[in-house]
Amino acid sequence: MANPPGISQSVYDDLVRYTKYSSGAYQILCPRPMGNTLVLQFTDVLTSTQGFVVRDDKRKEIIVAFRGSQNISHVLLDSQILMSPLNIPGLSQADDARVHSGFLFAFNSVASTVLNTVKVQFNAHPAYSLISTGHSLGGSLASIGAISMKSNFPNAHVKLFTFGQPRTGNGAFATLVEHILSPSNIFRAVHTFDGVPTMLSPQLGYVHHATEYWQFIEPPSPKNVKQCSGGEDPDGSASVRESKIPLIPLFHCLHNQFSGQQPPELTFLIWFISVKPYHWIQQSVCRLFVITHSE
């Protein structure tokens, strides 16, 4: 039975909070994300993978945020679209789990640096929760990263927050993510008809993991976000993939406005059609910039 629309204010507030971190990962310099302690800003030049590790002593959290890609369609549809067996630090048994080869290569390029940093922080603060978050490609890396962190730190409470995440792996991978983290600790947000989450088709073997939180209509508010059932809820964002709106250019507007990467010439179009993707970050991004550079 389909879940009714509407989520709690607390869940909505968490979505707002972690979009700020995901947005901050796009910035070249982010010295105090959300006013908290920047532990490490990491970059791999070969794969162009970057992000940061932050410690929030007030909320008792260690947050890892992965940056997305400015050319997500190229990343998704290039020669690395074939899946590879899931081989990541800490995971001893992946069964038949397979993921996008490019995503896997990108995560493993920074995995040791990220995990070693988290280890130092978690050893010093064993009561802290671990949060893995990211937008777009960063969401896929966060998904892989979350199960790697939980595998390396089994006593930690690990949560995953992604925004505009494409399908990342096969059904076995989706099942593994849900088994290791539990669907109650997974928050995969999708805005209206953002096309990136559906670009990698199930016909290619790709399957979403739970739990989708779909903002299905404007204006943004907790009542207009639906907690979907499972990873491929037909009543979730997948229900609008056949929309007759000219989606190819619009998908890029919807998807990339989140990260502040949209081309200037598209800004008017976005506001003209009153589409404000991932609205829970529209004002939050501005606050992030103020907090990041002033505190």
# chains A, B, ... in the order shown; residues from 1 in each chain; ligands from 1

$ closest_atom_pairs --of "region 149-245 of chain A" --to "region 19-36 of chain A" --cutoff "10 Å" --atoms "only C-alpha atoms" --output "tab-separated table"
residue	atom	partner	partner_atom	distance
A:Phe161	CA	A:Thr19	CA	8.2
A:Thr162	CA	A:Thr19	CA	8.1
A:Phe163	CA	A:Thr19	CA	7.3
A:Ala189	CA	A:Thr19	CA	9.7

$ write_last_selection --atoms "N, CA, C and O atoms" --output "PDB file, in the first residue's frame"
ATOM      1  N   PHE A 161      22.271  10.512   3.385  1.00  0.00           N
ATOM      2  CA  PHE A 161      21.396  11.524   2.801  1.00  0.00           C
ATOM      3  C   PHE A 161      21.919  11.857   1.405  1.00  0.00           C
ATOM      4  O   PHE A 161      23.056  12.327   1.270  1.00  0.00           O
ATOM      5  N   THR A 162      21.106  11.585   0.372  1.00  0.00           N
ATOM      6  CA  THR A 162      21.536  11.929  -0.986  1.00  0.00           C
ATOM      7  C   THR A 162      20.460  12.754  -1.669  1.00  0.00           C
ATOM      8  O   THR A 162      19.277  12.678  -1.330  1.00  0.00           O
ATOM      9  N   PHE A 163      20.896  13.508  -2.704  1.00  0.00           N
ATOM     10  CA  PHE A 163      20.007  14.438  -3.392  1.00  0.00           C
ATOM     11  C   PHE A 163      20.255  14.330  -4.897  1.00  0.00           C
ATOM     12  O   PHE A 163      21.368  14.562  -5.365  1.00  0.00           O
ATOM     13  N   ALA A 189      16.647  11.824  -1.567  1.00  0.00           N
ATOM     14  CA  ALA A 189      15.703  12.867  -1.964  1.00  0.00           C
ATOM     15  C   ALA A 189      15.721  13.095  -3.470  1.00  0.00           C
ATOM     16  O   ALA A 189      16.771  13.113  -4.105  1.00  0.00           O
TER      17      ALA A 189
END

$ select_by_dssp --residues "region 178-213 of chain A" --states "alpha helix (DSSP H)" --output "list in words"
Glu178, His179, Ile180 and Leu181 of chain A

$ closest_residue --among "A:Thr47, A:Ser140, A:Gln165, A:Gln227" --to "Ser184 (chain A)" --atoms "only C-alpha atoms"
A:Gln227

$ atom_distance --atom1 "CA of Ile186 (chain A)" --atom2 "CA of Lys159 (chain A)"
6.1 Å

$ closest_residue --among "A:Pro222, A:Thr192, A:Gly68, A:Gln50" --to "Ser10 (chain A)" --atoms "only C-alpha atoms"
A:Pro222

$ select_by_dssp --residues "region 118-244 of chain A" --states "strand (DSSP E)" --output "PyMOL selection string"
chain A and resi 129-135+158-163+186-191+212-215+225-227
